[in-house]
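Peer 1: File name work12.cif; file contents mmCIF, C-alpha atoms; full text below.
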```cif
data_my_file
#
loop_
_atom_site.label_atom_id
_atom_site.label_comp_id
_atom_site.auth_asym_id
_atom_site.auth_seq_id
_atom_site.Cartn_x
_atom_site.Cartn_y
_atom_site.Cartn_z
CA MET A 1 16.64 12.73 5.29
CA LEU A 2 18.52 11.11 2.41
CA GLY A 3 22.14 10.46 3.16
CA LYS A 4 25.18 10.90 0.96
CA ASN A 5 25.09 7.26 -0.22
CA GLU A 6 21.37 7.20 -0.98
CA VAL A 7 21.04 7.57 -4.73
CA CYS A 8 18.01 7.85 -7.00
CA TYR A 9 17.62 5.33 -9.78
CA CYS A 10 15.18 5.96 -12.61
CA ASP A 11 13.34 2.98 -14.05
CA ASN A 12 12.87 4.94 -17.27
CA VAL A 13 10.65 2.66 -19.32
CA THR A 14 10.15 4.44 -22.64
CA ASP A 15 7.46 2.32 -24.24
CA ALA A 16 4.16 3.16 -22.56
CA PHE A 17 1.62 0.37 -22.48
CA LYS A 18 4.07 -1.54 -24.66
CA THR A 19 2.98 -5.13 -24.12
CA TYR A 20 -0.61 -6.21 -24.27
CA GLN A 21 -2.40 -9.48 -24.86
CA SER A 22 -5.97 -9.47 -26.09
CA GLU A 23 -6.46 -13.25 -26.09
CA SER A 24 -7.45 -13.39 -22.42
CA GLY A 25 -8.78 -9.84 -22.18
CA PHE A 26 -5.89 -8.93 -19.86
CA TRP A 27 -3.45 -6.18 -20.81
CA ARG A 28 0.08 -6.20 -19.45
CA ILE A 29 1.21 -2.61 -19.26
CA SER A 30 4.48 -0.75 -18.88
CA PHE A 31 4.64 3.02 -18.60
CA GLY A 32 6.66 5.86 -20.03
CA ASP A 33 5.53 9.23 -21.37
CA VAL A 34 2.03 10.33 -22.34
CA GLU A 35 2.83 10.73 -26.03
CA SER A 36 4.00 7.11 -26.27
CA ALA A 37 0.85 6.08 -24.46
CA ARG A 38 -1.33 7.90 -26.98
CA LEU A 39 0.44 6.25 -29.92
CA SER A 40 -0.04 2.83 -28.33
CA PHE A 41 -3.72 3.58 -27.78
CA ASP A 42 -4.11 4.40 -31.45
CA ARG A 43 -2.54 1.07 -32.42
CA MET A 44 -4.75 -1.02 -30.14
CA PRO A 45 -6.96 -3.28 -32.28
CA GLU A 46 -9.72 -3.30 -29.68
CA LYS A 47 -10.66 -0.83 -26.99
CA ASN A 48 -13.25 -1.83 -24.40
CA VAL A 49 -14.08 -1.46 -20.72
CA VAL A 50 -11.74 -4.32 -19.81
CA THR A 51 -8.91 -2.46 -21.52
CA TRP A 52 -9.58 0.80 -19.71
CA THR A 53 -9.99 -0.90 -16.34
CA GLY A 54 -6.69 -2.74 -16.71
CA ILE A 55 -4.83 0.38 -17.78
CA ILE A 56 -6.23 2.52 -14.96
CA THR A 57 -5.47 -0.20 -12.41
CA ALA A 58 -1.87 -0.29 -13.63
CA CYS A 59 -1.69 3.51 -13.32
CA ALA A 60 -2.91 3.21 -9.73
CA ASN A 61 -0.31 0.59 -8.83
CA LEU A 62 2.49 2.64 -10.34
CA GLY A 63 1.28 6.07 -9.21
CA ALA A 64 1.21 7.31 -12.82
CA LEU A 65 -1.36 10.06 -12.26
CA GLU A 66 -0.94 12.00 -15.51
CA ILE A 67 -1.43 8.96 -17.71
CA GLY A 68 -4.38 7.86 -15.58
CA LYS A 69 -6.00 11.29 -15.91
CA TRP A 70 -5.49 11.23 -19.67
CA VAL A 71 -7.18 7.80 -19.91
CA HIS A 72 -10.06 9.09 -17.76
CA GLU A 73 -10.52 12.09 -20.05
CA TYR A 74 -10.40 9.79 -23.08
CA THR A 75 -13.17 7.58 -21.71
CA ASP A 76 -15.24 10.70 -20.99
CA ARG A 77 -14.81 12.02 -24.53
CA LYS A 78 -15.75 8.65 -26.03
CA ARG A 79 -18.72 8.39 -23.64
CA ILE A 80 -17.66 4.96 -22.43
CA PHE A 81 -20.14 3.64 -19.88
CA LEU A 82 -18.84 3.98 -16.33
CA ASN A 83 -19.67 0.54 -14.98
CA PRO A 84 -18.88 -0.41 -11.35
CA LYS A 85 -15.48 -1.98 -12.08
CA LEU A 86 -14.29 0.92 -14.22
CA GLY A 87 -15.62 3.38 -11.63
CA ALA A 88 -13.85 1.49 -8.84
CA ALA A 89 -10.59 1.50 -10.82
CA LEU A 90 -10.78 5.27 -11.29
CA ILE A 91 -11.55 5.88 -7.61
CA ASP A 92 -8.66 3.61 -6.60
CA MET A 93 -6.28 5.33 -9.03
CA TYR A 94 -7.08 8.84 -7.81
CA ALA A 95 -6.88 7.78 -4.17
CA LYS A 96 -3.53 6.04 -4.57
CA CYS A 97 -2.18 9.07 -6.44
CA GLY A 98 -3.17 11.38 -3.57
CA HIS A 99 -6.31 12.95 -5.08
CA ILE A 100 -9.01 11.75 -2.70
CA ASP A 101 -11.23 14.71 -3.65
CA LYS A 102 -11.20 13.59 -7.28
CA ALA A 103 -12.00 10.05 -6.15
CA SER A 104 -15.06 11.39 -4.33
CA GLN A 105 -16.16 13.19 -7.48
CA VAL A 106 -16.00 9.94 -9.44
CA LEU A 107 -18.08 8.22 -6.75
CA LYS A 108 -20.86 10.74 -7.29
CA ILE A 109 -21.14 10.09 -11.04
CA VAL A 110 -20.94 6.28 -11.11
CA PRO A 111 -24.52 5.26 -12.08
CA TYR A 112 -24.58 1.97 -10.16
CA LYS A 113 -22.48 1.94 -7.02
CA GLY A 114 -21.80 -1.74 -6.47
CA VAL A 115 -19.67 -3.18 -3.70
CA TYR A 116 -16.47 -2.69 -5.76
CA VAL A 117 -17.10 1.04 -5.94
CA TRP A 118 -17.78 1.46 -2.24
CA ASN A 119 -14.77 -0.68 -1.33
CA ALA A 120 -12.49 1.50 -3.46
CA MET A 121 -13.83 4.71 -1.88
CA ILE A 122 -13.67 3.45 1.71
CA GLY A 123 -10.21 1.99 1.11
CA GLY A 124 -9.01 5.29 -0.36
CA LEU A 125 -10.30 7.25 2.61
CA ALA A 126 -8.64 4.76 4.96
CA MET A 127 -5.35 5.17 3.11
CA HIS A 128 -5.43 8.93 3.69
CA GLY A 129 -6.45 8.71 7.35
CA TYR A 130 -10.03 9.93 6.91
CA GLY A 131 -11.49 7.44 9.35
CA ILE A 132 -14.68 9.32 10.23
CA GLU A 133 -15.47 9.89 6.55
CA ALA A 134 -14.79 6.21 5.81
CA ILE A 135 -17.25 5.17 8.53
CA HIS A 136 -19.78 7.63 7.07
CA ARG A 137 -19.38 6.09 3.61
CA PHE A 138 -19.72 2.62 5.13
CA ARG A 139 -23.06 3.60 6.65
CA GLU A 140 -24.12 5.23 3.38
CA MET A 141 -23.26 2.01 1.54
CA LYS A 142 -25.43 -0.07 3.87
CA GLY A 143 -28.20 2.52 3.66
CA ASN A 144 -28.22 2.08 -0.13
CA GLY A 145 -28.83 -1.63 0.25
CA ILE A 146 -25.32 -2.80 -0.69
CA LYS A 147 -24.15 -5.73 1.43
CA PRO A 148 -20.56 -5.37 2.68
CA ASP A 149 -18.12 -8.14 1.84
CA GLY A 150 -14.83 -9.20 3.38
CA VAL A 151 -12.89 -6.52 1.47
CA THR A 152 -15.26 -3.82 2.78
CA LEU A 153 -14.54 -4.80 6.35
CA ILE A 154 -10.80 -4.81 5.73
CA ALA A 155 -11.09 -1.24 4.42
CA VAL A 156 -13.22 -0.12 7.38
CA LEU A 157 -10.91 -1.72 9.95
CA SER A 158 -7.93 -0.14 8.20
CA ALA A 159 -9.67 3.25 8.37
CA CYS A 160 -10.21 2.82 12.11
CA SER A 161 -6.57 1.82 12.53
CA HIS A 162 -5.16 4.81 10.66
CA SER A 163 -7.44 7.22 12.51
CA GLY A 164 -7.12 5.82 16.01
CA LEU A 165 -10.78 4.75 16.23
CA MET A 166 -10.06 1.85 18.56
CA GLU A 167 -13.52 1.32 20.04
CA LYS A 168 -15.29 1.57 16.68
CA GLY A 169 -12.81 -0.83 15.13
CA LYS A 170 -13.25 -3.29 17.98
CA GLU A 171 -17.02 -3.08 17.64
CA ILE A 172 -16.90 -3.81 13.89
CA PHE A 173 -14.34 -6.61 14.27
CA HIS A 174 -16.39 -8.47 16.86
CA SER A 175 -19.65 -8.02 14.91
CA MET A 176 -18.49 -9.31 11.53
CA ARG A 177 -19.98 -12.80 11.85
CA LYS A 178 -23.19 -11.73 13.59
CA ASP A 179 -24.06 -8.59 11.62
CA TYR A 180 -22.55 -9.28 8.21
CA ASP A 181 -22.20 -13.07 8.04
CA ILE A 182 -18.52 -12.67 7.17
CA GLU A 183 -15.95 -15.17 8.39
CA LEU A 184 -12.77 -13.65 9.75
CA ASN A 185 -9.69 -14.24 7.63
CA ILE A 186 -6.06 -13.47 8.30
CA LYS A 187 -6.32 -9.97 6.78
CA HIS A 188 -9.11 -9.04 9.19
CA TYR A 189 -6.98 -10.25 12.08
CA GLY A 190 -4.08 -8.27 10.66
CA CYS A 191 -6.13 -5.07 10.62
CA PHE A 192 -7.27 -5.60 14.19
CA VAL A 193 -3.75 -6.38 15.39
CA ASP A 194 -2.52 -3.21 13.66
CA LEU A 195 -5.35 -1.25 15.29
CA SER A 196 -4.46 -2.59 18.75
CA CYS A 197 -0.74 -1.96 18.22
CA ARG A 198 -1.29 1.63 17.10
CA ALA A 199 -3.36 2.17 20.25
CA GLY A 200 -0.47 0.84 22.34
CA LEU A 201 -2.42 -2.24 23.45
CA LEU A 202 0.38 -4.71 22.81
CA ASP A 203 -0.74 -7.27 25.38
CA GLU A 204 -4.20 -7.35 23.81
CA ALA A 205 -2.69 -7.66 20.32
CA TYR A 206 -0.51 -10.56 21.47
CA GLU A 207 -3.53 -12.31 22.92
CA VAL A 208 -5.42 -11.93 19.64
CA ILE A 209 -2.50 -13.33 17.63
CA THR A 210 -1.94 -16.33 19.87
CA ASN A 211 -5.65 -17.20 20.02
CA MET A 212 -6.47 -16.94 16.31
CA SER A 213 -8.48 -19.71 14.69
CA MET A 214 -5.70 -19.99 12.07
CA GLY A 215 -1.94 -19.81 12.29
CA PRO A 216 -0.62 -16.22 12.30
CA ASN A 217 1.66 -15.38 9.38
CA GLU A 218 4.79 -13.28 9.07
CA VAL A 219 2.78 -10.12 8.37
CA LEU A 220 1.01 -10.27 11.73
CA TRP A 221 4.16 -11.08 13.67
CA GLY A 222 6.06 -8.39 11.75
CA THR A 223 3.41 -5.79 12.56
CA PHE A 224 3.60 -6.80 16.19
CA LEU A 225 7.41 -6.63 16.26
CA ASN A 226 7.30 -3.14 14.74
CA ALA A 227 4.91 -2.06 17.48
CA CYS A 228 7.22 -3.52 20.13
CA ALA A 229 10.13 -1.59 18.61
CA ALA A 230 8.10 1.63 18.77
CA ALA A 231 7.23 0.99 22.42
CA SER A 232 10.83 -0.12 23.29
CA SER A 233 9.66 -1.43 26.66
CA LYS A 234 8.12 -4.75 25.56
CA VAL A 235 11.32 -6.77 25.15
CA GLU A 236 9.78 -10.10 26.12
CA LEU A 237 6.94 -9.71 23.63
CA ALA A 238 9.41 -8.67 20.92
CA GLU A 239 11.49 -11.78 21.58
CA ALA A 240 8.38 -13.96 21.37
CA ALA A 241 7.52 -12.41 18.01
CA MET A 242 11.08 -12.84 16.77
CA GLN A 243 11.05 -16.54 17.64
CA GLN A 244 8.12 -16.98 15.26
CA LEU A 245 9.62 -14.75 12.55
CA MET A 246 12.90 -16.67 12.54
CA VAL A 247 10.85 -19.69 11.45
CA LEU A 248 8.47 -17.92 9.06
CA GLU A 249 10.97 -15.64 7.29
CA PRO A 250 14.49 -16.37 8.59
CA PHE A 251 16.22 -14.19 5.97
CA ASN A 252 14.24 -10.97 6.51
CA ASP A 253 16.98 -8.63 7.70
CA GLY A 254 14.52 -5.99 8.88
CA ASN A 255 13.26 -8.17 11.73
CA TYR A 256 16.76 -8.63 13.14
CA VAL A 257 17.44 -4.90 12.89
CA LEU A 258 14.24 -4.11 14.79
CA LEU A 259 15.10 -6.50 17.61
CA SER A 260 18.65 -5.14 17.72
CA ASN A 261 17.27 -1.61 18.06
CA ILE A 262 15.02 -2.73 20.92
CA TYR A 263 18.04 -4.21 22.71
CA ALA A 264 20.06 -1.06 22.05
CA ALA A 265 17.31 1.12 23.56
CA LYS A 266 17.63 -0.98 26.72
CA LYS A 267 21.46 -0.83 26.55
CA ARG A 268 21.64 -4.61 26.22
CA TRP A 269 24.81 -4.49 24.15
CA ASP A 270 25.59 -8.20 24.44
CA ASP A 271 22.26 -8.98 22.81
CA VAL A 272 22.94 -6.38 20.09
CA ALA A 273 26.24 -8.13 19.34
CA ARG A 274 24.48 -11.51 19.31
CA ILE A 275 22.00 -10.31 16.68
CA ARG A 276 24.85 -8.96 14.54
CA THR A 277 26.56 -12.34 14.77
CA ILE A 278 23.38 -14.10 13.66
CA LEU A 279 23.16 -11.77 10.65
CA LYS A 280 26.80 -12.36 9.74
CA ASP A 281 26.87 -16.11 10.28
CA GLY A 282 23.57 -16.57 8.46
CA GLN A 283 24.79 -14.42 5.55
CA ILE A 284 21.63 -12.35 5.87
CA VAL A 285 22.07 -9.29 3.68
CA ARG A 286 20.20 -6.04 4.30
CA ASN A 287 17.97 -5.18 1.34
CA PRO A 288 18.15 -1.54 0.23
CA GLY A 289 15.04 0.55 0.76
CA HIS A 290 13.34 2.16 -2.20
CA SER A 291 10.43 4.38 -3.13
CA LEU A 292 8.77 5.57 -6.34
CA ILE A 293 7.86 9.03 -7.59
CA GLU A 294 6.44 10.27 -10.89
CA VAL A 295 8.10 13.36 -12.42
CA ASP A 296 7.12 14.63 -15.87
CA ASN A 297 5.30 11.38 -16.67
CA VAL A 298 8.35 9.23 -15.84
CA VAL A 299 8.41 7.00 -12.76
CA HIS A 300 11.69 7.20 -10.83
CA GLU A 301 12.73 4.58 -8.30
CA PHE A 302 14.80 5.87 -5.40
CA MET A 303 17.28 3.28 -4.16
CA VAL A 304 19.78 3.23 -1.32
CA GLY A 305 23.39 2.89 -2.43
CA ASP A 306 22.63 2.79 -6.16
CA GLY A 307 24.68 5.04 -8.44
CA ARG A 308 23.13 4.14 -11.80
CA HIS A 309 20.83 7.12 -12.13
CA PRO A 310 21.91 9.26 -15.12
CA CYS A 311 21.55 12.41 -13.00
CA SER A 312 23.30 11.05 -9.91
CA GLU A 313 25.87 13.87 -9.77
CA GLU A 314 23.15 16.51 -9.82
CA ILE A 315 21.22 14.56 -7.18
CA TYR A 316 24.30 14.40 -4.93
CA ASP A 317 24.86 18.13 -5.36
CA MET A 318 21.26 18.89 -4.43
CA LEU A 319 21.45 16.62 -1.38
CA GLU A 320 24.55 18.47 -0.23
CA LYS A 321 22.79 21.82 -0.64
CA VAL A 322 19.73 20.57 1.27
CA ALA A 323 21.94 19.24 4.08
CA VAL A 324 23.79 22.56 4.37
CA THR A 325 20.53 24.53 4.32
CA LEU A 326 19.06 22.39 7.09
CA LYS A 327 22.14 22.86 9.27
CA GLU A 328 21.86 26.62 8.86
#
```
Please express the file's structure as structure tokens.
Peer 2:
Amino acid sequence: MLGKNEVCYCDNVTDAFKTYQSESGFWRISFGDVESARLSFDRMPEKNVVTWTGIITACANLGALEIGKWVHEYTDRKRIFLNPKLGAALIDMYAKCGHIDKASQVLKIVPYKGVYVWNAMIGGLAMHGYGIEAIHRFREMKGNGIKPDGVTLIAVLSACSHSGLMEKGKEIFHSMRKDYDIELNIKHYGCFVDLSCRAGLLDEAYEVITNMSMGPNEVLWGTFLNACAAASSKVELAEAAMQQLMVLEPFNDGNYVLLSNIYAAKKRWDDVARIRTILKDGQIVRNPGHSLIEVDNVVHEFMVGDGRHPCSEEIYDMLEKVAVTLKE
């Protein structure tokens, strides 16, 4: 629950799609309200599939569903051909905005379902925890003669991870070279480590990390440390991960906090104090957490300890009311 000092800050950008560059075919986009977006569309000297794909991709990354839906409707009205990249962008946008059913509808109407399209659909299902459905789509993709690529396997492994399909994920991971002629990269290892950690197989995950054909990065070690913190009992493994993280990202405050929490769970207060001293002496500052939400076509950024939101007083009042209601 949000605390008293956790304030919402609104990144209220008023000029939708305000900066674009046609020289390279890439459009740099900022978002505000739908009406501003429509005016900017009217002023665009050239509108093509590259434009729409870039705009929809930006909507997906920002979670701007209403603007994305309006662009989709516009392309429908203008009968713009739904090529694989545009179709994939739409599927990705709807999935990231929480409308996986709409993403599935787009999949059905894309005339040519290339690898981009299938990757977007499988990745969207993985994101929402529909592991069985993601595996089904993966089989459907292969049945249609589309060869999976490295991104496909990342999506499938992620689906297995989020749905607890350990054995299926292990089977796919170990068959990538043989069945799909795909070389493992660090993202595939990351998915498998995440899968093992979620299944509580920390010793197996540690073995995978330490025997990789390439050096593990901070993402893998961070995933592993998070799993150790969740388990609370694997102090030695957590310390081994922290040794690596202090080299790879020495100023990431979150890692120190996780290790401190592990020590606290074991009542190792001297070690908790030692971590606090490291943070203080190293001048490592905790970064405030944040999240984004779209309300009435405006994207708000929620920050911890930030009082700049124009409606901060109303937000504080509502938080107080919520806190009182919960106590009752």
Peer 1: Compute the distance from (-10.7, 7.1, -6.7) to each atom, counting only C-alpha atoms, keep the residues with any atom at most 8 Å away, and return them as a ChimeraX atom specification; use the coordinates of the file.
Peer 2: /A:87-96,99-100,102-104,106-107,120-121,124
Peer 1: Run the PyMOL selection byres ((chain A and resi 236-248) around 8) on the file and write out the hits as a list in words.
Peer 2: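 For this structure, the PyMOL selection byres ((chain A and resi 236-248) around 8) resolves to Tyr206, Asn217, Glu218, Trp221, Gly222, Phe224, Leu225, Cys228, Ala229, Lys234, Val235, Glu249, Pro250, Phe251, Asn255, Tyr256 and Leu259 of chain A.
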Peer 1: Just how far from CA of Glu167 in chain A is CA of Tyr189 in chain A, in Å to one decimal?
Peer 2: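 CA of Tyr189 in chain A sits 15.5 Å away from CA of Glu167 in chain A.
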Peer 1: With all atoms listed in the file as the counted atoms, please give the residues lying no more than 9 Å from Ser163 in chain A, apart from itself and same-chain residues fewer than 6 positions off, as a PyMOL selection string.
Peer 2: chain A and resi 126+129-132
Peer 1: Take CA of Cys191 in chain A and CA of Met212 in chain A and report the distance between them in Å, one decimal.
Peer 2: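 Calculated distance between CA of Cys191 in chain A and CA of Met212 in chain A is 13.2 Å.
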Peer 1: I'd like the residues picked by the PyMOL selection byres ((chain A and resi 153-157) around 10) written out as an NGL selection string, using the chain letters and numbers from the file.
Peer 2: :A and (118-127 or 131-132 or 134-135 or 137-138 or 148-152 or 158-163 or 165-166 or 168-173 or 176 or 180 or 182 or 184-185 or 187-192 or 194-195)
Peer 1: Could you give me range 67-78 of chain A completed to all heavy atoms, formatted as a JSON list (two decimals), in the coordinates of the input?
Peer 2:
```json
[["chain", "number", "residue", "atom", "x", "y", "z"],
["A", 67, "ILE", "N", -0.92, 9.90, -16.71],
["A", 67, "ILE", "CA", -1.43, 8.96, -17.71],
["A", 67, "ILE", "C", -2.84, 8.50, -17.33],
["A", 67, "ILE", "O", -3.72, 8.39, -18.17],
["A", 67, "ILE", "CB", -0.48, 7.75, -17.85],
["A", 67, "ILE", "CG1", 0.88, 8.22, -18.39],
["A", 67, "ILE", "CG2", -1.07, 6.69, -18.78],
["A", 67, "ILE", "CD1", 1.93, 7.15, -18.45],
["A", 68, "GLY", "N", -3.05, 8.25, -16.04],
["A", 68, "GLY", "CA", -4.38, 7.86, -15.58],
["A", 68, "GLY", "C", -5.42, 8.93, -15.86],
["A", 68, "GLY", "O", -6.54, 8.61, -16.29],
["A", 69, "LYS", "N", -5.07, 10.18, -15.63],
["A", 69, "LYS", "CA", -6.00, 11.29, -15.91],
["A", 69, "LYS", "C", -6.30, 11.38, -17.41],
["A", 69, "LYS", "O", -7.44, 11.62, -17.80],
["A", 69, "LYS", "CB", -5.39, 12.61, -15.42],
["A", 69, "LYS", "CG", -5.43, 12.79, -13.91],
["A", 69, "LYS", "CD", -4.60, 13.97, -13.47],
["A", 69, "LYS", "CE", -5.12, 15.29, -14.01],
["A", 69, "LYS", "NZ", -4.33, 16.43, -13.50],
["A", 70, "TRP", "N", -5.27, 11.16, -18.23],
["A", 70, "TRP", "CA", -5.49, 11.23, -19.67],
["A", 70, "TRP", "C", -6.44, 10.13, -20.13],
["A", 70, "TRP", "O", -7.34, 10.36, -20.94],
["A", 70, "TRP", "CB", -4.15, 11.12, -20.41],
["A", 70, "TRP", "CG", -4.31, 11.16, -21.89],
["A", 70, "TRP", "CD1", -4.53, 12.26, -22.66],
["A", 70, "TRP", "CD2", -4.31, 10.04, -22.78],
["A", 70, "TRP", "NE1", -4.65, 11.90, -23.98],
["A", 70, "TRP", "CE2", -4.52, 10.54, -24.08],
["A", 70, "TRP", "CE3", -4.14, 8.66, -22.60],
["A", 70, "TRP", "CZ2", -4.56, 9.71, -25.21],
["A", 70, "TRP", "CZ3", -4.17, 7.84, -23.71],
["A", 70, "TRP", "CH2", -4.40, 8.36, -24.99],
["A", 71, "VAL", "N", -6.28, 8.91, -19.56],
["A", 71, "VAL", "CA", -7.18, 7.80, -19.91],
["A", 71, "VAL", "C", -8.60, 8.12, -19.47],
["A", 71, "VAL", "O", -9.58, 7.86, -20.19],
["A", 71, "VAL", "CB", -6.69, 6.48, -19.28],
["A", 71, "VAL", "CG1", -7.70, 5.36, -19.53],
["A", 71, "VAL", "CG2", -5.33, 6.09, -19.85],
["A", 72, "HIS", "N", -8.74, 8.71, -18.27],
["A", 72, "HIS", "CA", -10.06, 9.09, -17.76],
["A", 72, "HIS", "C", -10.73, 10.09, -18.71],
["A", 72, "HIS", "O", -11.91, 9.96, -19.06],
["A", 72, "HIS", "CB", -9.93, 9.68, -16.36],
["A", 72, "HIS", "CG", -11.23, 9.99, -15.71],
["A", 72, "HIS", "ND1", -11.34, 10.77, -14.57],
["A", 72, "HIS", "CD2", -12.52, 9.66, -16.04],
["A", 72, "HIS", "CE1", -12.61, 10.88, -14.23],
["A", 72, "HIS", "NE2", -13.34, 10.22, -15.11],
["A", 73, "GLU", "N", -9.97, 11.09, -19.12],
["A", 73, "GLU", "CA", -10.52, 12.09, -20.05],
["A", 73, "GLU", "C", -10.90, 11.45, -21.38],
["A", 73, "GLU", "O", -11.91, 11.81, -21.99],
["A", 73, "GLU", "CB", -9.48, 13.20, -20.27],
["A", 73, "GLU", "CG", -9.27, 14.07, -19.03],
["A", 73, "GLU", "CD", -8.01, 14.93, -19.13],
["A", 73, "GLU", "OE1", -7.35, 14.87, -20.20],
["A", 73, "GLU", "OE2", -7.71, 15.64, -18.16],
["A", 74, "TYR", "N", -10.11, 10.49, -21.82],
["A", 74, "TYR", "CA", -10.40, 9.79, -23.08],
["A", 74, "TYR", "C", -11.73, 9.03, -22.99],
["A", 74, "TYR", "O", -12.57, 9.10, -23.90],
["A", 74, "TYR", "CB", -9.25, 8.83, -23.40],
["A", 74, "TYR", "CG", -9.37, 8.14, -24.75],
["A", 74, "TYR", "CD1", -8.72, 8.64, -25.86],
["A", 74, "TYR", "CD2", -10.13, 6.98, -24.90],
["A", 74, "TYR", "CE1", -8.82, 8.00, -27.09],
["A", 74, "TYR", "CE2", -10.25, 6.34, -26.11],
["A", 74, "TYR", "CZ", -9.59, 6.85, -27.21],
["A", 74, "TYR", "OH", -9.69, 6.23, -28.42],
["A", 75, "THR", "N", -11.92, 8.33, -21.87],
["A", 75, "THR", "CA", -13.17, 7.58, -21.71],
["A", 75, "THR", "C", -14.37, 8.52, -21.62],
["A", 75, "THR", "O", -15.46, 8.19, -22.09],
["A", 75, "THR", "CB", -13.12, 6.68, -20.45],
["A", 75, "THR", "OG1", -12.90, 7.50, -19.29],
["A", 75, "THR", "CG2", -12.02, 5.64, -20.55],
["A", 76, "ASP", "N", -14.16, 9.70, -21.04],
["A", 76, "ASP", "CA", -15.24, 10.70, -20.99],
["A", 76, "ASP", "C", -15.59, 11.19, -22.40],
["A", 76, "ASP", "O", -16.77, 11.28, -22.76],
["A", 76, "ASP", "CB", -14.82, 11.90, -20.13],
["A", 76, "ASP", "CG", -15.05, 11.65, -18.64],
["A", 76, "ASP", "OD1", -15.72, 10.64, -18.31],
["A", 76, "ASP", "OD2", -14.56, 12.44, -17.82],
["A", 77, "ARG", "N", -14.57, 11.52, -23.18],
["A", 77, "ARG", "CA", -14.81, 12.02, -24.53],
["A", 77, "ARG", "C", -15.52, 10.99, -25.41],
["A", 77, "ARG", "O", -16.38, 11.33, -26.21],
["A", 77, "ARG", "CB", -13.49, 12.42, -25.20],
["A", 77, "ARG", "CG", -12.84, 13.66, -24.64],
["A", 77, "ARG", "CD", -11.80, 14.21, -25.59],
["A", 77, "ARG", "NE", -10.82, 13.20, -26.00],
["A", 77, "ARG", "CZ", -9.70, 12.93, -25.34],
["A", 77, "ARG", "NH1", -9.42, 13.60, -24.23],
["A", 77, "ARG", "NH2", -8.86, 12.04, -25.78],
["A", 78, "LYS", "N", -15.16, 9.72, -25.22],
["A", 78, "LYS", "CA", -15.75, 8.65, -26.03],
["A", 78, "LYS", "C", -17.07, 8.14, -25.43],
["A", 78, "LYS", "O", -17.68, 7.21, -25.97],
["A", 78, "LYS", "CB", -14.77, 7.48, -26.15],
["A", 78, "LYS", "CG", -13.48, 7.84, -26.88],
["A", 78, "LYS", "CD", -13.74, 8.24, -28.32],
["A", 78, "LYS", "CE", -12.45, 8.56, -29.06],
["A", 78, "LYS", "NZ", -12.70, 8.94, -30.47]]
```
